[in-house]
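Below: the structure, in structure tokens.
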Amino acid sequence: MDVLASLTPAQRTAVLHVDGPLLVLAGPGSGKTRVVTHRVAHLLQQGIPARHILALTFTNKAAEEMRQRLARIAPRESVWMGTFHAFCAKTLRIHAAMAGLTENFSIYDTSDSDKALKQAIADVNVNLTGTSPERIRSIISWAKNQLMSPDDFQPRSGNAAGELARRIYPEYQRILVSNNAVDFDDLLMHVAIMLRENPELRGSLDERYRYILVDEYQDTNAAQYAIARALSIDHPNLAATGDPDQSIYGWRGADINNILDFEKDFPHVQVVRLEQNYRSTKNILRVADQLIANNRKRKHKALFTDNPAGEPVRLVAYPSERDEADSIAQQIAAAVRTGKRQARDFAIFYRINALSRQLEQSLRRFNVAYQVVKGVEFYQRKEVKDVLAYLHLLNNPRHDVAFFRIVNTPSRGIGPATLAKVREFALQRGLSMLEASRQIDSLNGRARKALARFLAVYERLSDHLAGSLEELMRKTVWESGYLEYLESSDYEEDVQRVANVQELLTAAGEFDDHHPGDNALERYLENVSLASDTDDFDLESDQVSLMTMHSAKGLEFPVVYVVAAEQGLLPHERSRHDETQLEEERRLMFVALTRAEHELQISYAQKRMFRGEQRHTVPSSFLMELPREEMNVIQPNVGWHEPPWEEKSWDDGDISFDINSFDDDDTPQVKETPATKPAFKLTTAAQMAGGASAVGVSPDQFQTGMLVHHPEYGPGTIASLSGKDKKRTATVQFFSGEEKRFQLSFSPLTPMKAR
DNA sequence: ATTCGCAAAGTTTTT
DNA sequence: CTTTGCGAAT
């Protein structure tokens, strides 16, 4: 296999790089995965043993894709590829004792961790008024990402929530360790800390993993950075690939500076820029590129493509969210009906999950198949968690969260009072809940009997630990009485639950088939814990994909719709006032736009029903940053959609409008603005004043016809001006349709200058 | 022990 | 408009 076949010079440079640090700045659609896999194949060809190579990704899906692609060009080579978390779990199993754990430790998912946290809050008896468990959780998470143990963590003085977290964190961590459990952050933190504090271990792992590849490096957090760094000292062959412009997880602790400072961190680094895009049309790429050019915190990249220009990107203003959803559904239905495209060619992206509902409704009405990524997840369902909790407790008898979950499920008459006594006993003796249940002798007859019944079930199941996973699970749902309990129910939802349990059993059987060998239970549970729901959504089936813009990363679709480009939603309200967060929102939109191969439509609704109330919207400020002269800007006729005939037409199932059909044979009921609008760029008053304060910008700068932006009402043009000096007043016609008057010396109006 | 009802809150979520 | 959690009521 020629690993260099059909590579561009830049790609070839990256693939041929062997020793020393390497930074691959890969723009969207630049063939990054291909480069990475070919580079691994090349390393192998150079005689480097597979065991010395480590490829770290952020998602199981990315790891799986890499694995498959490598299998094609270098079959029979087993390079370890997986997520950071899976790698840390594997490492931590071997060195569990160093973190006070045993090899069979459990990985707590978010809900397990929440329960442990609640317990911790109750234990230290603090008053959370003025803050929330979520806040505490995020502070603790932050501390762990910074590799601060409970002893190290010192909040800034005067930070009330931080002070509470300082008191809760030690108890939370004590619970985790005594449960022989870790949360997601711990997986990284434990490994990072043991690498930091144990030079011998660090050296031996560095020696073992001589060639490390980290994908999506722009999304690494401090702990992941520390791990990658620690393993690249004696063998500094760290290859980072990523794109600063696609860093969208800053709010989760990812530090974009890791990639921006890579060249400082690793001297003599070879930097390769992959700037040619093989995915999108020229028009799409140009729009995305111009948007992201507004970010300050980035490394310059000159994106280009040899692909055709394609259709202009559409920017559509719909009267309402319903019009938006219906129009999109109608467009898709028409394209599918005429055979022009398949449903799977389409994706719809939104900023928040709550926006999927309207789109789903419309797609259903137009009979378009779709899948949503991802609301309620399989492994989060009650019945699935219940069954898995039995297995968790069998694998790790100290898993108290699992114990509490199943001890009375199905109900055996073990109530809160009994459990409180058991926990008290457990705390005094330093026992797990399970062990305390065995030893406690101070319970009344009834409670004692009930608890004994549960313990008997547990002991019986323990006998099957040596068998196959499926057999163990089957015994579990049977012996525990859980399946019986579900089947005896008349509720419709319990029928579905039985089916889900069956599905779980089937999956267990498949796991047995694919993972023969020892420790099936432990490996299965780890797999489940580290699985995510975006992993298994189905790109193959013929359905339209609906997802948040975050979930869209790494994917591509022939036709993409980005909806609800409105202030408050995109950028999101809580990011609006912070420049750093605003840039992240812009990157998020950049990611969304660059998913599109052939067609891209960006839209907003002029009014939107949100949280039960009808609101006027303001178009996203990002829309002002797009090259409108090259786009197809579409404004619907105001008022055409008003009742009564709107309602009526739906009842007939007769689609009586076609707000933006682009087929020539249809008559669009919208007026299309020809591409004559000048491009304009948002310029703040401060910039116009040469960096000085915005206050005192002369009202003289405003002229009739000028494009202006208002933080509340959005963009518009000055219809007329009157008055003098301080009283000079502008009447502004906003794009949202509203007209307002402002005294220029007091209003937050910003001029936008034509370019 | 389950069910009901009301109040409160409501980003994004690779693991 | 929704979902969720807690306390009261059966």
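Following the order of the structure tokens, chains are lettered A, B, ..., residues in each are numbered from 1, and ligands are numbered from 1.
Residues in contact with segment 1-8 of chain C at 9 Å, where only C-alpha atoms (C1' of nucleotides) are counted and same-chain residues fewer than 3 positions away are skipped, are listed as Ala354, Met609, Phe610, Arg611, Gly612 and Glu613 of chain A; DC4, DG5, DA8, DA9 and DG10 of chain B.
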Please produce an output containing N, CA and C atoms (P, O5', C5', C4', C3', O3' and C1' of nucleotides) for each residue in the selection, written as a PDB file, in the first residue's frame.
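Output file again.pdb follows:
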```
ATOM      1  N   ALA A 354     -34.119  22.594  22.404  1.00  0.00           N
ATOM      2  CA  ALA A 354     -35.532  22.967  22.482  1.00  0.00           C
ATOM      3  C   ALA A 354     -36.087  23.385  21.117  1.00  0.00           C
ATOM      4  N   MET A 609     -42.046  31.876  18.965  1.00  0.00           N
ATOM      5  CA  MET A 609     -42.666  31.443  20.206  1.00  0.00           C
ATOM      6  C   MET A 609     -41.575  30.786  21.029  1.00  0.00           C
ATOM      7  N   PHE A 610     -41.269  31.386  22.172  1.00  0.00           N
ATOM      8  CA  PHE A 610     -40.214  30.818  22.983  1.00  0.00           C
ATOM      9  C   PHE A 610     -40.651  30.818  24.434  1.00  0.00           C
ATOM     10  N   ARG A 611     -40.541  29.691  25.073  1.00  0.00           N
ATOM     11  CA  ARG A 611     -40.973  29.527  26.451  1.00  0.00           C
ATOM     12  C   ARG A 611     -42.388  30.030  26.630  1.00  0.00           C
ATOM     13  N   GLY A 612     -43.195  29.677  25.683  1.00  0.00           N
ATOM     14  CA  GLY A 612     -44.603  29.984  25.839  1.00  0.00           C
ATOM     15  C   GLY A 612     -45.016  31.389  25.512  1.00  0.00           C
ATOM     16  N   GLU A 613     -44.047  32.227  25.131  1.00  0.00           N
ATOM     17  CA  GLU A 613     -44.498  33.549  24.727  1.00  0.00           C
ATOM     18  C   GLU A 613     -43.939  33.967  23.369  1.00  0.00           C
TER      19      GLU A 613
ATOM     20  P    DC B   4     -52.093   9.549  39.163  1.00  0.00           P
ATOM     21  O5'  DC B   4     -52.258  10.979  39.828  1.00  0.00           O
ATOM     22  C5'  DC B   4     -52.913  11.089  41.088  1.00  0.00           C
ATOM     23  C4'  DC B   4     -52.742  12.511  41.596  1.00  0.00           C
ATOM     24  C3'  DC B   4     -52.778  13.572  40.494  1.00  0.00           C
ATOM     25  O3'  DC B   4     -53.698  14.573  40.876  1.00  0.00           O
ATOM     26  C1'  DC B   4     -50.807  13.794  41.814  1.00  0.00           C
ATOM     27  P    DG B   5     -54.101  15.696  39.878  1.00  0.00           P
ATOM     28  O5'  DG B   5     -53.304  16.921  40.488  1.00  0.00           O
ATOM     29  C5'  DG B   5     -53.260  17.105  41.906  1.00  0.00           C
ATOM     30  C4'  DG B   5     -52.413  18.318  42.216  1.00  0.00           C
ATOM     31  C3'  DG B   5     -52.395  19.365  41.101  1.00  0.00           C
ATOM     32  O3'  DG B   5     -52.326  20.639  41.700  1.00  0.00           O
ATOM     33  C1'  DG B   5     -50.210  18.619  41.465  1.00  0.00           C
ATOM     34  P    DA B   8     -42.350  29.138  42.936  1.00  0.00           P
ATOM     35  O5'  DA B   8     -41.219  28.499  42.006  1.00  0.00           O
ATOM     36  C5'  DA B   8     -40.520  27.335  42.452  1.00  0.00           C
ATOM     37  C4'  DA B   8     -39.476  26.989  41.415  1.00  0.00           C
ATOM     38  C3'  DA B   8     -38.881  28.217  40.729  1.00  0.00           C
ATOM     39  O3'  DA B   8     -37.490  28.021  40.624  1.00  0.00           O
ATOM     40  C1'  DA B   8     -39.787  26.747  39.109  1.00  0.00           C
ATOM     41  P    DA B   9     -36.547  29.207  40.188  1.00  0.00           P
ATOM     42  O5'  DA B   9     -35.737  28.498  39.026  1.00  0.00           O
ATOM     43  C5'  DA B   9     -35.582  27.086  39.016  1.00  0.00           C
ATOM     44  C4'  DA B   9     -35.435  26.627  37.600  1.00  0.00           C
ATOM     45  C3'  DA B   9     -34.764  27.674  36.707  1.00  0.00           C
ATOM     46  O3'  DA B   9     -33.663  27.083  36.060  1.00  0.00           O
ATOM     47  C1'  DA B   9     -36.729  26.861  35.693  1.00  0.00           C
ATOM     48  P    DG B  10     -32.696  27.976  35.193  1.00  0.00           P
ATOM     49  O5'  DG B  10     -32.205  26.961  34.061  1.00  0.00           O
ATOM     50  C5'  DG B  10     -32.888  25.749  33.828  1.00  0.00           C
ATOM     51  C4'  DG B  10     -33.358  25.681  32.360  1.00  0.00           C
ATOM     52  C3'  DG B  10     -32.863  26.864  31.553  1.00  0.00           C
ATOM     53  O3'  DG B  10     -31.635  26.515  30.891  1.00  0.00           O
ATOM     54  C1'  DG B  10     -35.174  26.381  31.085  1.00  0.00           C
TER      55       DG B  10
END
```
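Within 10 Å of chain A, and counting only C-alpha atoms (C1' of nucleotides), chain B contributes B:DA1, B:DG10, B:DT11, B:DT12, B:DT13, B:DT14, B:DT15.
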Inset, instruction - Give me every strand (DSSP E) residue in segment 321-554 of chain A, going by DSSP on the backbone, as a PyMOL selection string. - result: chain A and resi 346-350+370-373+544-548
Legend entry - Two-atom distance - atom CA of Gly100 of chain A, atom CA of Ile53 of chain A (Å): 28.8 Å
Inset, instruction - Mind listing the alpha helix (DSSP H) residues of segment 331-495 of chain A, per DSSP on the backbone, as JSON, numbers by chain? - result: {"A": [331, 332, 333, 334, 335, 336, 337, 356, 357, 358, 359, 360, 361, 362, 363, 364, 365, 382, 383, 384, 385, 386, 387, 388, 389, 390, 391, 392, 393, 394, 395, 400, 401, 402, 403, 404, 405, 406, 416, 417, 418, 419, 420, 421, 422, 423, 424, 425, 426, 427, 428, 429, 433, 434, 435, 436, 437, 438, 439, 445, 446, 447, 448, 449, 450, 451, 452, 453, 454, 455, 456, 457, 458, 459, 460, 461, 462, 469, 470, 471, 472, 473, 474, 475, 476, 477, 478, 479, 482, 483, 484, 485, 486, 487, 492, 493, 494, 495]}
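Atom pair atom CA of Lys374 of chain A / atom CA of Asp538 of chain A: separated by 11.4 Å.
Put simply, atom CA of Gly203 of chain A is 19.0 Å away from atom CA of Trp80 of chain A.
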